[in-house]
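> Dumping the structure here so I can ask a few things about it.
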Protein chains: 2
Amino acid sequence: MRTPFNHPGASSSSTVRADVAVIGGGVVGHGIAWEAQRSGRSVVLIDDAPGTGASWAAAGMLAPVSELHYQEEDLLELMLDASSRWPGFAAGLDSATGADSGYLTTATLAVGADAADRRALMDLRSVQQANGLEVEPLTVREARKREPLLSPAIAYALDTPADHQVDPRRLVAALRLALAGAAQELPELAVAGAVDSYAVPDRAARLLWDGGAVGGVRLAGGGTVLATETVVANGLQAGALDGLPDGLELPLRPVHGDILRLAVPRHLQPLVTSTVRGLVHGVAVYIVPRQDGTVVIGATQREDALSGAVSAGGVYQLLRDAQALVPAVAELELLESTARARPGTPDNAPLLGRVPVPGASVGGQAGHVPGLIIATGFFRHGVLLTPAAAAICRELLDGKSDPRWAPFSPDRFSRPATAATSPFIKETA
Amino acid sequence: MRTPFNHPGASSSSTVRADVAVIGGGVVGHGIAWEAQRSGRSVVLIDDAPGTGASWAAAGMLAPVSELHYQEEDLLELMLDASSRWPGFAAGLDSATGADSGYLTTATLAVGADAADRRALMDLRSVQQANGLEVEPLTVREARKREPLLSPAIAYALDTPADHQVDPRRLVAALRLALAGAAQELPELAVAGAVDSYAVPDRAARLLWDGGAVGGVRLAGGGTVLATETVVANGLQAGALDGLPDGLELPLRPVHGDILRLAVPRHLQPLVTSTVRGLVHGVAVYIVPRQDGTVVIGATQREDALSGAVSAGGVYQLLRDAQALVPAVAELELLESTARARPGTPDNAPLLGRVPVPGASVGGQAGHVPGLIIATGFFRHGVLLTPAAAAICRELLDGKSDPRWAPFSPDRFSRPATAATSPFIKETA
């Protein structure tokens, strides 16, 4: 691929200008970049290894209903908003690329292995129904009629028709295709025929400031991206970015997850037709069927010392619990074991929005650091929330903001500022 | 790498002449080739993917004592002969290459998880002691003093000091180095500077016959290797080789095995200092510590439909049983899951020797098909038996044969021949 920074003759001090610079090429960054581009803006996406972080190991469940289980009810409105956007988002993407983004309205079956798991799922069901969400208890017989390979020993099953899925690897590929296909020639690029001129294969080193506003990004390789708006969407790495507003704390922590990809032998296809989300003796496991005859098994959440490595204990737990729900998992072929870290926050909700400047106001409204949007900390929900994050960022680019998303303000974990320290406003570098 | 068949200008119909052609580049084929070369013969080794078959997934336990467990007492003499050759074989290899062949005199600890496993190991111990083999029961306290990370819940431990190990991947690499370093220029090669001129990166298609004797090998790529002696050492593929003597049956079957390679985090090193061979509720599992801080976990034996694929059930079983013996296995990093098929035979003993011609005799002794040696079917014992197979083949090349190895005659599963059909003697092609 030819890009501004690797085409013949490009120097390491190249400068690119765009309306929007997006730092971070996971699902969220790509989704925001595509939405910004669809709004008529020129976009540069900065990542030296796009799609290989948390997105690479995501199962792609679009599960606002089931994810209520994790006591993140404060996120429900955002998750439901995102869920409602998915059909249109996927259709727009498919239409832009002529390719398949991997979005499927596969239903989800929540399954409990033992009596305690049944009680936990029944409690969850009460909360789901109190929130007006559609869930339907099934007898074990009904569940096994729908999924014949489900273990007869399960204790409980709950149909969750509104929870769907997308293949995150296909999704990133489709978003890249859409971005590349629609890429406008950027000023000062002059790379004739470069199909992915929107992509800068480098790491962001620091934000550039210009008169109290963020004006772009200095790259690790020495280049510069000048942009009217900069979106920080590089997951865990956001916390380490130089040049964030003084006093702004992005308390991101790595929550590791192991995921397995397995091939289903022909005589066992389809292993399951629904996404099976299980609770096995209190531990979560899911089995997500893909269109290509493979399944993805995941759910571990580790905050241990193994960092990015695949945990033997994690793989063991996934295979054990998946077999408890669907015994034929033992007969599958293990294709891949992958581990990645997700960017967790103290309240498991994203850091999403502009950065308020306490005391400052514009036209009676609270003022913000100009030129800067934060979009990180999506934890377990990055894939689901991508269309919502994209739409919210587009509103912010358009100068609007929706009070519904105020609880996700990226400064909510920052210390109260004093007027004397000019909080959040950086001196021009 | 430049070789006779891929150096610039080589044609697909190239012909190479050597004293010995070895078909198959696993540990056994490489061991035989090196021994033949050390005897002053020119050698060609034929394999399009050397070292990537069963050898790639072998744990490398050199365990004649522990392997008695599998009721293969008929093999004991051969395994003990091989075991006694290992120190000299490894020392010769290290000296030839200046490198480390990966041979270690790590002791083995046999461990039983429950009362039934204890009884099975006690029965095994009786057989081992009846055969004069050195084994020593340890109390659980003594075993855990030696291996502090061993589970306190184990039921039995048996010190087996004579069972050692080698890293099969290092071994193949060392044998290739030794062969390449000592490689004589072969007639008609004329490949100046080709360091691995002994290696032909191609598959054997058929044996060539010349007046009732095997005279070499036709390669799949069209080339020819002419040789005074041809050794068939290509494992499972031996049965599919064209041009074997009429009536000779090599009843090889694939027995699949899954093997895991894991990294031990620094705070857990060394996980174990002995090779731990466990019996967990009747199922075998082993944990082999390597010099580089990794461990290998294996022991599955599957004859199922997954062929060369890694079995999810196999990986699960290995992790489950290894954790039963050493709970800290859960904290390791899973680096690799590999599956390969081992060449099994009906009696689990190798097919090793010349092919007798019934009725024919030379100087009062039974006659054999000239120019042909079979060395396959090593099943679980290929790595251990390599020095013995190499020594036995060298004797055969020297015109000698040891009656101790007659039980492994490669024709023992072939139908009785009648004089009318000229058994085993092929018409010249």
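Every chain in the structure tokens has a letter given in the order shown (A, B, ...), and although residue numbers restart at 1 in each chain, ligands are simply numbered from 1 in the order shown.
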Output as a Markdown table one row per residue of chain B within 7 Å of chain A: the closest atom pair and its distance in Å to one decimal place, counting only C-alpha atoms, sorted by chain and residue number ascending.


```
| residue | atom | partner | partner_atom | distance |
| --- | --- | --- | --- | --- |
| B:Leu306 | CA | A:Glu333 | CA | 6.9 |
| B:Ala309 | CA | A:Glu333 | CA | 5.8 |
| B:Val310 | CA | A:Leu334 | CA | 5.3 |
| B:Ser311 | CA | A:Glu333 | CA | 4.9 |
| B:Ala312 | CA | A:Leu334 | CA | 5.2 |
| B:Gly313 | CA | A:Ala330 | CA | 3.8 |
| B:Tyr316 | CA | A:Tyr316 | CA | 5.7 |
| B:Leu319 | CA | A:Tyr316 | CA | 6.0 |
| B:Arg320 | CA | A:Tyr316 | CA | 6.8 |
| B:Val329 | CA | A:Ala312 | CA | 6.9 |
| B:Ala330 | CA | A:Gly313 | CA | 3.8 |
| B:Glu331 | CA | A:Gly313 | CA | 6.0 |
| B:Leu332 | CA | A:Ala312 | CA | 5.5 |
| B:Glu333 | CA | A:Ser311 | CA | 4.9 |
| B:Leu334 | CA | A:Ala312 | CA | 5.1 |
```

> Can you write just those residues out, N, CA and C atoms, as a tab-separated table (two decimals), in the first residue's frame?


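Saved to out_0.tsv:
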```tsv
chain	number	residue	atom	x	y	z
B	306	LEU	N	-10.09	-35.65	12.83
B	306	LEU	CA	-9.54	-34.29	12.71
B	306	LEU	C	-8.23	-34.26	11.95
B	309	ALA	N	-5.27	-31.60	12.37
B	309	ALA	CA	-5.70	-30.40	13.07
B	309	ALA	C	-5.57	-30.55	14.58
B	310	VAL	N	-5.43	-29.43	15.25
B	310	VAL	CA	-5.35	-29.43	16.71
B	310	VAL	C	-6.76	-29.63	17.27
B	311	SER	N	-6.92	-30.57	18.17
B	311	SER	CA	-8.23	-30.90	18.72
B	311	SER	C	-8.53	-30.04	19.94
B	312	ALA	N	-9.69	-29.38	19.92
B	312	ALA	CA	-10.09	-28.57	21.08
B	312	ALA	C	-10.21	-29.47	22.31
B	313	GLY	N	-10.78	-30.66	22.13
B	313	GLY	CA	-10.90	-31.59	23.25
B	313	GLY	C	-9.54	-32.07	23.74
B	316	TYR	N	-7.96	-29.23	25.71
B	316	TYR	CA	-8.64	-29.15	27.00
B	316	TYR	C	-8.14	-30.22	27.96
B	319	LEU	N	-4.55	-29.51	29.25
B	319	LEU	CA	-4.49	-28.43	30.25
B	319	LEU	C	-5.13	-28.87	31.56
B	320	ARG	N	-6.23	-29.59	31.47
B	320	ARG	CA	-6.91	-30.07	32.67
B	320	ARG	C	-6.00	-31.00	33.48
B	329	VAL	N	0.30	-24.49	36.16
B	329	VAL	CA	0.20	-24.53	34.70
B	329	VAL	C	-0.83	-23.50	34.21
B	330	ALA	N	-1.85	-23.23	35.02
B	330	ALA	CA	-2.87	-22.24	34.65
B	330	ALA	C	-2.28	-20.86	34.43
B	331	GLU	N	-1.15	-20.60	35.07
B	331	GLU	CA	-0.55	-19.26	34.96
B	331	GLU	C	0.46	-19.14	33.83
B	332	LEU	N	0.64	-20.21	33.05
B	332	LEU	CA	1.62	-20.14	31.97
B	332	LEU	C	1.02	-19.44	30.75
B	333	GLU	N	1.92	-19.06	29.85
B	333	GLU	CA	1.52	-18.45	28.60
B	333	GLU	C	1.50	-19.53	27.52
B	334	LEU	N	0.36	-19.68	26.86
B	334	LEU	CA	0.26	-20.67	25.79
B	334	LEU	C	0.90	-20.11	24.52
```

> Mind checking which residues fall within 6 Å of segment 355-359 of chain A, counting only C-alpha atoms, ignoring those fewer than 3 positions away in the same chain, and posting them as a list in words?

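Counting only C-alpha atoms, the residues come to Gly367, His368 and Val369 of chain A.
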
> Could you save those same residues with C-alpha atoms as a PDB file, in the first residue's frame?


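This is the output file out_16.pdb:
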```pdb
ATOM      1  CA  GLY A 367     -16.582  25.856  26.937  1.00  0.00           C
ATOM      2  CA  HIS A 368     -14.383  23.033  25.676  1.00  0.00           C
ATOM      3  CA  VAL A 369     -10.824  22.581  24.511  1.00  0.00           C
TER       4      VAL A 369
END
```

> What's the 10 Å shell around Ala153 of chain A, counting only C-alpha atoms, without same-chain residues fewer than 5 positions away, as a ChimeraX atom specification?

/A:112-114,140,324-326

> Those residues with N, CA and C atoms, as a PDB file, in the first residue's frame please?


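Once written, part.pdb looks like this:
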```
ATOM      1  N   GLY A 112     -27.932 -20.958  31.283  1.00  0.00           N
ATOM      2  CA  GLY A 112     -27.335 -21.176  32.599  1.00  0.00           C
ATOM      3  C   GLY A 112     -27.079 -22.655  32.819  1.00  0.00           C
ATOM      4  N   ALA A 113     -25.895 -22.966  33.373  1.00  0.00           N
ATOM      5  CA  ALA A 113     -25.515 -24.374  33.503  1.00  0.00           C
ATOM      6  C   ALA A 113     -26.113 -25.034  34.742  1.00  0.00           C
ATOM      7  N   ASP A 114     -26.145 -24.323  35.864  1.00  0.00           N
ATOM      8  CA  ASP A 114     -26.633 -24.963  37.079  1.00  0.00           C
ATOM      9  C   ASP A 114     -27.689 -24.090  37.759  1.00  0.00           C
ATOM     10  N   VAL A 140     -35.869 -26.179  28.515  1.00  0.00           N
ATOM     11  CA  VAL A 140     -34.668 -26.828  27.983  1.00  0.00           C
ATOM     12  C   VAL A 140     -35.015 -27.553  26.685  1.00  0.00           C
ATOM     13  N   ALA A 324     -19.311 -27.522  28.594  1.00  0.00           N
ATOM     14  CA  ALA A 324     -20.431 -27.744  29.515  1.00  0.00           C
ATOM     15  C   ALA A 324     -21.747 -27.359  28.841  1.00  0.00           C
ATOM     16  N   LEU A 325     -21.703 -26.352  27.958  1.00  0.00           N
ATOM     17  CA  LEU A 325     -22.920 -25.922  27.264  1.00  0.00           C
ATOM     18  C   LEU A 325     -23.153 -26.729  25.995  1.00  0.00           C
ATOM     19  N   VAL A 326     -22.081 -26.944  25.227  1.00  0.00           N
ATOM     20  CA  VAL A 326     -22.182 -27.653  23.948  1.00  0.00           C
ATOM     21  C   VAL A 326     -21.051 -28.695  23.927  1.00  0.00           C
TER      22      VAL A 326
END
```

> Which residues are near segment 21-29 of chain A? Cut-off 7 Å, only C-alpha atoms, ignore same chain within fewer than 4 positions. Put them as a PyMOL selection string.

chain A and resi 33+43-47+50-51+53+55+172+204+216+227+229-234+382-383+386

> Output N, CA and C atoms for every residue in the selection just made, as a PDB file, in the first residue's frame.


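As a result, again-v9.pdb now contains:
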```
ATOM      1  N   ALA A  33     -13.792   7.702  11.742  1.00  0.00           N
ATOM      2  CA  ALA A  33     -13.176   8.252  10.519  1.00  0.00           C
ATOM      3  C   ALA A  33     -14.133   8.152   9.337  1.00  0.00           C
ATOM      4  N   VAL A  43     -10.187  13.253   5.981  1.00  0.00           N
ATOM      5  CA  VAL A  43      -9.844  12.518   7.204  1.00  0.00           C
ATOM      6  C   VAL A  43      -8.498  11.827   7.047  1.00  0.00           C
ATOM      7  N   VAL A  44      -7.714  11.873   8.101  1.00  0.00           N
ATOM      8  CA  VAL A  44      -6.498  11.062   8.181  1.00  0.00           C
ATOM      9  C   VAL A  44      -6.606  10.169   9.407  1.00  0.00           C
ATOM     10  N   LEU A  45      -6.332   8.876   9.233  1.00  0.00           N
ATOM     11  CA  LEU A  45      -6.365   7.931  10.351  1.00  0.00           C
ATOM     12  C   LEU A  45      -4.937   7.470  10.631  1.00  0.00           C
ATOM     13  N   ILE A  46      -4.516   7.627  11.876  1.00  0.00           N
ATOM     14  CA  ILE A  46      -3.130   7.368  12.252  1.00  0.00           C
ATOM     15  C   ILE A  46      -3.036   6.079  13.065  1.00  0.00           C
ATOM     16  N   ASP A  47      -2.363   5.076  12.538  1.00  0.00           N
ATOM     17  CA  ASP A  47      -2.124   3.828  13.285  1.00  0.00           C
ATOM     18  C   ASP A  47      -1.041   3.052  12.559  1.00  0.00           C
ATOM     19  N   PRO A  50      -3.111  -1.003  12.166  1.00  0.00           N
ATOM     20  CA  PRO A  50      -4.572  -0.888  12.311  1.00  0.00           C
ATOM     21  C   PRO A  50      -5.255  -2.248  12.431  1.00  0.00           C
ATOM     22  N   GLY A  51      -6.245  -2.279  13.305  1.00  0.00           N
ATOM     23  CA  GLY A  51      -7.077  -3.482  13.426  1.00  0.00           C
ATOM     24  C   GLY A  51      -6.442  -4.626  14.190  1.00  0.00           C
ATOM     25  N   GLY A  53      -5.270  -4.512  17.466  1.00  0.00           N
ATOM     26  CA  GLY A  53      -5.360  -4.409  18.923  1.00  0.00           C
ATOM     27  C   GLY A  53      -6.558  -5.179  19.449  1.00  0.00           C
ATOM     28  N   SER A  55      -9.550  -4.891  18.848  1.00  0.00           N
ATOM     29  CA  SER A  55     -10.506  -5.257  17.789  1.00  0.00           C
ATOM     30  C   SER A  55     -10.225  -6.638  17.218  1.00  0.00           C
ATOM     31  N   VAL A 172     -13.535  -4.139  10.289  1.00  0.00           N
ATOM     32  CA  VAL A 172     -12.409  -3.225  10.087  1.00  0.00           C
ATOM     33  C   VAL A 172     -12.005  -3.218   8.611  1.00  0.00           C
ATOM     34  N   ALA A 204       1.001   8.027  16.864  1.00  0.00           N
ATOM     35  CA  ALA A 204       0.922   9.413  17.321  1.00  0.00           C
ATOM     36  C   ALA A 204       1.864   9.585  18.503  1.00  0.00           C
ATOM     37  N   GLY A 216      -3.448  19.377  15.743  1.00  0.00           N
ATOM     38  CA  GLY A 216      -2.983  18.223  14.987  1.00  0.00           C
ATOM     39  C   GLY A 216      -2.119  17.309  15.823  1.00  0.00           C
ATOM     40  N   ALA A 227      -4.629  19.302  11.614  1.00  0.00           N
ATOM     41  CA  ALA A 227      -6.059  19.037  11.463  1.00  0.00           C
ATOM     42  C   ALA A 227      -6.861  20.038  12.276  1.00  0.00           C
ATOM     43  N   GLU A 229      -9.713  19.251  13.629  1.00  0.00           N
ATOM     44  CA  GLU A 229     -10.190  18.484  14.779  1.00  0.00           C
ATOM     45  C   GLU A 229      -9.367  17.211  14.897  1.00  0.00           C
ATOM     46  N   THR A 230      -9.010  16.876  16.119  1.00  0.00           N
ATOM     47  CA  THR A 230      -8.266  15.642  16.372  1.00  0.00           C
ATOM     48  C   THR A 230      -9.074  14.755  17.314  1.00  0.00           C
ATOM     49  N   VAL A 231      -9.264  13.501  16.920  1.00  0.00           N
ATOM     50  CA  VAL A 231     -10.013  12.543  17.744  1.00  0.00           C
ATOM     51  C   VAL A 231      -9.033  11.523  18.313  1.00  0.00           C
ATOM     52  N   VAL A 232      -8.984  11.438  19.630  1.00  0.00           N
ATOM     53  CA  VAL A 232      -8.090  10.486  20.300  1.00  0.00           C
ATOM     54  C   VAL A 232      -8.873   9.195  20.519  1.00  0.00           C
ATOM     55  N   ALA A 233      -8.588   8.176  19.680  1.00  0.00           N
ATOM     56  CA  ALA A 233      -9.361   6.931  19.715  1.00  0.00           C
ATOM     57  C   ALA A 233      -8.423   5.733  19.707  1.00  0.00           C
ATOM     58  N   ASN A 234      -7.278   5.883  20.378  1.00  0.00           N
ATOM     59  CA  ASN A 234      -6.292   4.798  20.339  1.00  0.00           C
ATOM     60  C   ASN A 234      -6.292   3.939  21.604  1.00  0.00           C
ATOM     61  N   GLY A 382     -16.641  -1.885  22.559  1.00  0.00           N
ATOM     62  CA  GLY A 382     -16.152  -1.104  21.429  1.00  0.00           C
ATOM     63  C   GLY A 382     -16.891  -1.400  20.133  1.00  0.00           C
ATOM     64  N   VAL A 383     -17.102  -2.669  19.841  1.00  0.00           N
ATOM     65  CA  VAL A 383     -17.733  -3.015  18.567  1.00  0.00           C
ATOM     66  C   VAL A 383     -19.192  -2.564  18.573  1.00  0.00           C
ATOM     67  N   THR A 386     -19.582   1.293  18.297  1.00  0.00           N
ATOM     68  CA  THR A 386     -18.960   2.014  17.183  1.00  0.00           C
ATOM     69  C   THR A 386     -19.912   2.961  16.438  1.00  0.00           C
TER      70      THR A 386
END
```

> Quick check for you: according to DSSP on this backbone, which residues of segment 130-355 of chain B are classed as strand (DSSP E or B)? Reply as a ChimeraX atom specification.

/B:136-138,156-160,164-166,199-200,204-210,213-219,224-232,242,253-263,275-280,283-289,294-298,302,311,333-344,351-353

> May I have the residues within 9 Å of segment 121-137 of chain A as an MDAnalysis selection string, using only C-alpha atoms and disregarding those fewer than 2 positions away in the same chain?

chainID A and resid 65:66 68:69 110:112 116:119 139 156:162 279

> Given the selection you just returned, output its residues as a file containing all heavy atoms, formatted as a short mmCIF file (atom, residue, chain, number, x, y, z; two decimals), in the first residue's frame.


```
data_model
loop_
_atom_site.label_atom_id
_atom_site.label_comp_id
_atom_site.auth_asym_id
_atom_site.auth_seq_id
_atom_site.Cartn_x
_atom_site.Cartn_y
_atom_site.Cartn_z
N VAL A 65 -28.76 -6.16 25.48
CA VAL A 65 -29.66 -6.83 26.41
C VAL A 65 -28.87 -7.76 27.33
O VAL A 65 -28.95 -7.68 28.55
CB VAL A 65 -30.76 -7.60 25.65
CG1 VAL A 65 -31.72 -8.27 26.63
CG2 VAL A 65 -31.52 -6.65 24.71
N SER A 66 -28.05 -8.62 26.74
CA SER A 66 -27.29 -9.56 27.56
C SER A 66 -26.25 -8.87 28.41
O SER A 66 -25.95 -9.30 29.52
CB SER A 66 -26.58 -10.59 26.67
OG SER A 66 -27.50 -11.28 25.86
N LEU A 68 -26.38 -6.27 30.03
CA LEU A 68 -26.93 -5.76 31.27
C LEU A 68 -26.50 -6.63 32.45
O LEU A 68 -26.42 -6.18 33.58
CB LEU A 68 -28.46 -5.76 31.21
CG LEU A 68 -29.15 -4.44 31.06
CD1 LEU A 68 -30.65 -4.63 31.17
CD2 LEU A 68 -28.67 -3.44 32.11
N HIS A 69 -26.21 -7.86 32.15
CA HIS A 69 -25.77 -8.80 33.18
C HIS A 69 -24.61 -8.28 34.00
O HIS A 69 -24.45 -8.65 35.15
CB HIS A 69 -25.37 -10.10 32.50
CG HIS A 69 -24.85 -11.12 33.44
ND1 HIS A 69 -25.62 -11.67 34.44
CD2 HIS A 69 -23.64 -11.70 33.55
CE1 HIS A 69 -24.91 -12.53 35.11
NE2 HIS A 69 -23.70 -12.58 34.61
N ALA A 110 -29.28 -17.04 25.94
CA ALA A 110 -28.57 -17.01 27.23
C ALA A 110 -28.85 -18.33 27.93
O ALA A 110 -30.00 -18.76 28.00
CB ALA A 110 -29.05 -15.85 28.08
N VAL A 111 -27.79 -18.99 28.39
CA VAL A 111 -27.94 -20.33 28.95
C VAL A 111 -27.25 -20.38 30.31
O VAL A 111 -26.13 -19.91 30.47
CB VAL A 111 -27.31 -21.37 28.00
CG1 VAL A 111 -27.37 -22.77 28.62
CG2 VAL A 111 -28.00 -21.36 26.65
N GLY A 112 -27.93 -20.96 31.28
CA GLY A 112 -27.34 -21.18 32.60
C GLY A 112 -27.08 -22.65 32.82
O GLY A 112 -27.92 -23.49 32.48
N ALA A 116 -27.62 -22.18 40.37
CA ALA A 116 -27.19 -20.83 40.72
C ALA A 116 -27.13 -19.95 39.47
O ALA A 116 -27.50 -18.77 39.50
CB ALA A 116 -25.81 -20.87 41.40
N ASP A 117 -26.68 -20.53 38.36
CA ASP A 117 -26.65 -19.77 37.10
C ASP A 117 -28.09 -19.42 36.67
O ASP A 117 -28.33 -18.33 36.14
CB ASP A 117 -25.96 -20.58 36.00
CG ASP A 117 -24.52 -20.93 36.35
OD1 ASP A 117 -23.85 -20.10 37.00
OD2 ASP A 117 -24.06 -22.03 35.98
N ARG A 118 -29.01 -20.36 36.91
CA ARG A 118 -30.41 -20.07 36.57
C ARG A 118 -30.92 -18.89 37.39
O ARG A 118 -31.54 -17.97 36.84
CB ARG A 118 -31.29 -21.31 36.84
CG ARG A 118 -32.76 -21.07 36.47
CD ARG A 118 -33.63 -22.30 36.71
NE ARG A 118 -33.59 -22.69 38.10
CZ ARG A 118 -33.44 -23.94 38.53
NH1 ARG A 118 -33.31 -24.93 37.66
NH2 ARG A 118 -33.42 -24.22 39.82
N ARG A 119 -30.60 -18.90 38.67
CA ARG A 119 -31.05 -17.78 39.51
C ARG A 119 -30.45 -16.45 39.03
O ARG A 119 -31.13 -15.44 38.95
CB ARG A 119 -30.67 -18.03 40.98
CG ARG A 119 -31.64 -18.97 41.69
CD ARG A 119 -31.42 -18.97 43.19
NE ARG A 119 -30.09 -19.44 43.56
CZ ARG A 119 -29.75 -20.73 43.69
NH1 ARG A 119 -30.66 -21.68 43.48
NH2 ARG A 119 -28.53 -21.07 44.03
N THR A 139 -38.07 -23.46 27.68
CA THR A 139 -37.77 -24.70 28.39
C THR A 139 -36.50 -25.28 27.76
O THR A 139 -36.10 -24.93 26.66
CB THR A 139 -38.90 -25.73 28.22
OG1 THR A 139 -38.99 -26.07 26.83
CG2 THR A 139 -40.24 -25.15 28.68
N TYR A 156 -31.19 -23.58 32.39
CA TYR A 156 -32.04 -22.43 32.07
C TYR A 156 -31.65 -21.90 30.69
O TYR A 156 -30.48 -21.95 30.31
CB TYR A 156 -31.81 -21.33 33.11
CG TYR A 156 -32.81 -20.18 33.07
CD1 TYR A 156 -34.14 -20.38 33.42
CD2 TYR A 156 -32.40 -18.90 32.70
CE1 TYR A 156 -35.04 -19.33 33.40
CE2 TYR A 156 -33.30 -17.84 32.68
CZ TYR A 156 -34.63 -18.07 33.03
OH TYR A 156 -35.51 -17.03 33.02
N ALA A 157 -32.64 -21.39 29.97
CA ALA A 157 -32.36 -20.77 28.67
C ALA A 157 -33.30 -19.58 28.48
O ALA A 157 -34.46 -19.62 28.88
CB ALA A 157 -32.54 -21.77 27.54
N LEU A 158 -32.75 -18.54 27.87
CA LEU A 158 -33.47 -17.29 27.72
C LEU A 158 -33.22 -16.81 26.29
O LEU A 158 -32.07 -16.58 25.90
CB LEU A 158 -32.88 -16.29 28.72
CG LEU A 158 -33.66 -15.08 29.18
CD1 LEU A 158 -35.01 -15.47 29.78
CD2 LEU A 158 -32.83 -14.33 30.23
N ASP A 159 -34.29 -16.70 25.52
CA ASP A 159 -34.16 -16.19 24.16
C ASP A 159 -33.97 -14.68 24.21
O ASP A 159 -34.73 -13.99 24.89
CB ASP A 159 -35.40 -16.56 23.34
CG ASP A 159 -35.23 -16.22 21.88
OD1 ASP A 159 -34.07 -16.10 21.42
OD2 ASP A 159 -36.26 -16.07 21.18
N THR A 160 -32.97 -14.18 23.52
CA THR A 160 -32.66 -12.76 23.52
C THR A 160 -32.54 -12.32 22.06
O THR A 160 -31.44 -12.15 21.54
CB THR A 160 -31.33 -12.53 24.28
OG1 THR A 160 -31.37 -13.27 25.52
CG2 THR A 160 -31.11 -11.06 24.59
N PRO A 161 -33.68 -12.14 21.39
CA PRO A 161 -33.65 -11.97 19.92
C PRO A 161 -32.98 -10.68 19.46
O PRO A 161 -32.53 -10.60 18.32
CB PRO A 161 -35.14 -12.02 19.54
CG PRO A 161 -35.88 -11.67 20.79
CD PRO A 161 -35.05 -12.19 21.92
N ALA A 162 -32.90 -9.67 20.35
CA ALA A 162 -32.39 -8.37 19.89
C ALA A 162 -30.87 -8.28 19.93
O ALA A 162 -30.30 -7.30 19.46
CB ALA A 162 -32.99 -7.25 20.75
N LEU A 279 -23.58 -18.95 31.29
CA LEU A 279 -23.06 -18.73 32.63
C LEU A 279 -22.86 -20.13 33.18
O LEU A 279 -23.81 -20.91 33.29
CB LEU A 279 -24.10 -17.94 33.44
CG LEU A 279 -23.60 -17.11 34.62
CD1 LEU A 279 -22.51 -16.15 34.19
CD2 LEU A 279 -24.76 -16.38 35.25
#
```

> What separation in Å, quoted to one decimal, exists between atom CA of Arg412 of chain A and atom CA of Ser83 of chain A?

24.9 Å

> So which bits of segment 47-118 of chain B end up helix (DSSP H, G or I) when you DSSP the backbone, as a PyMOL selection string?

chain B and resi 54-57+66-70+73-97+115-118
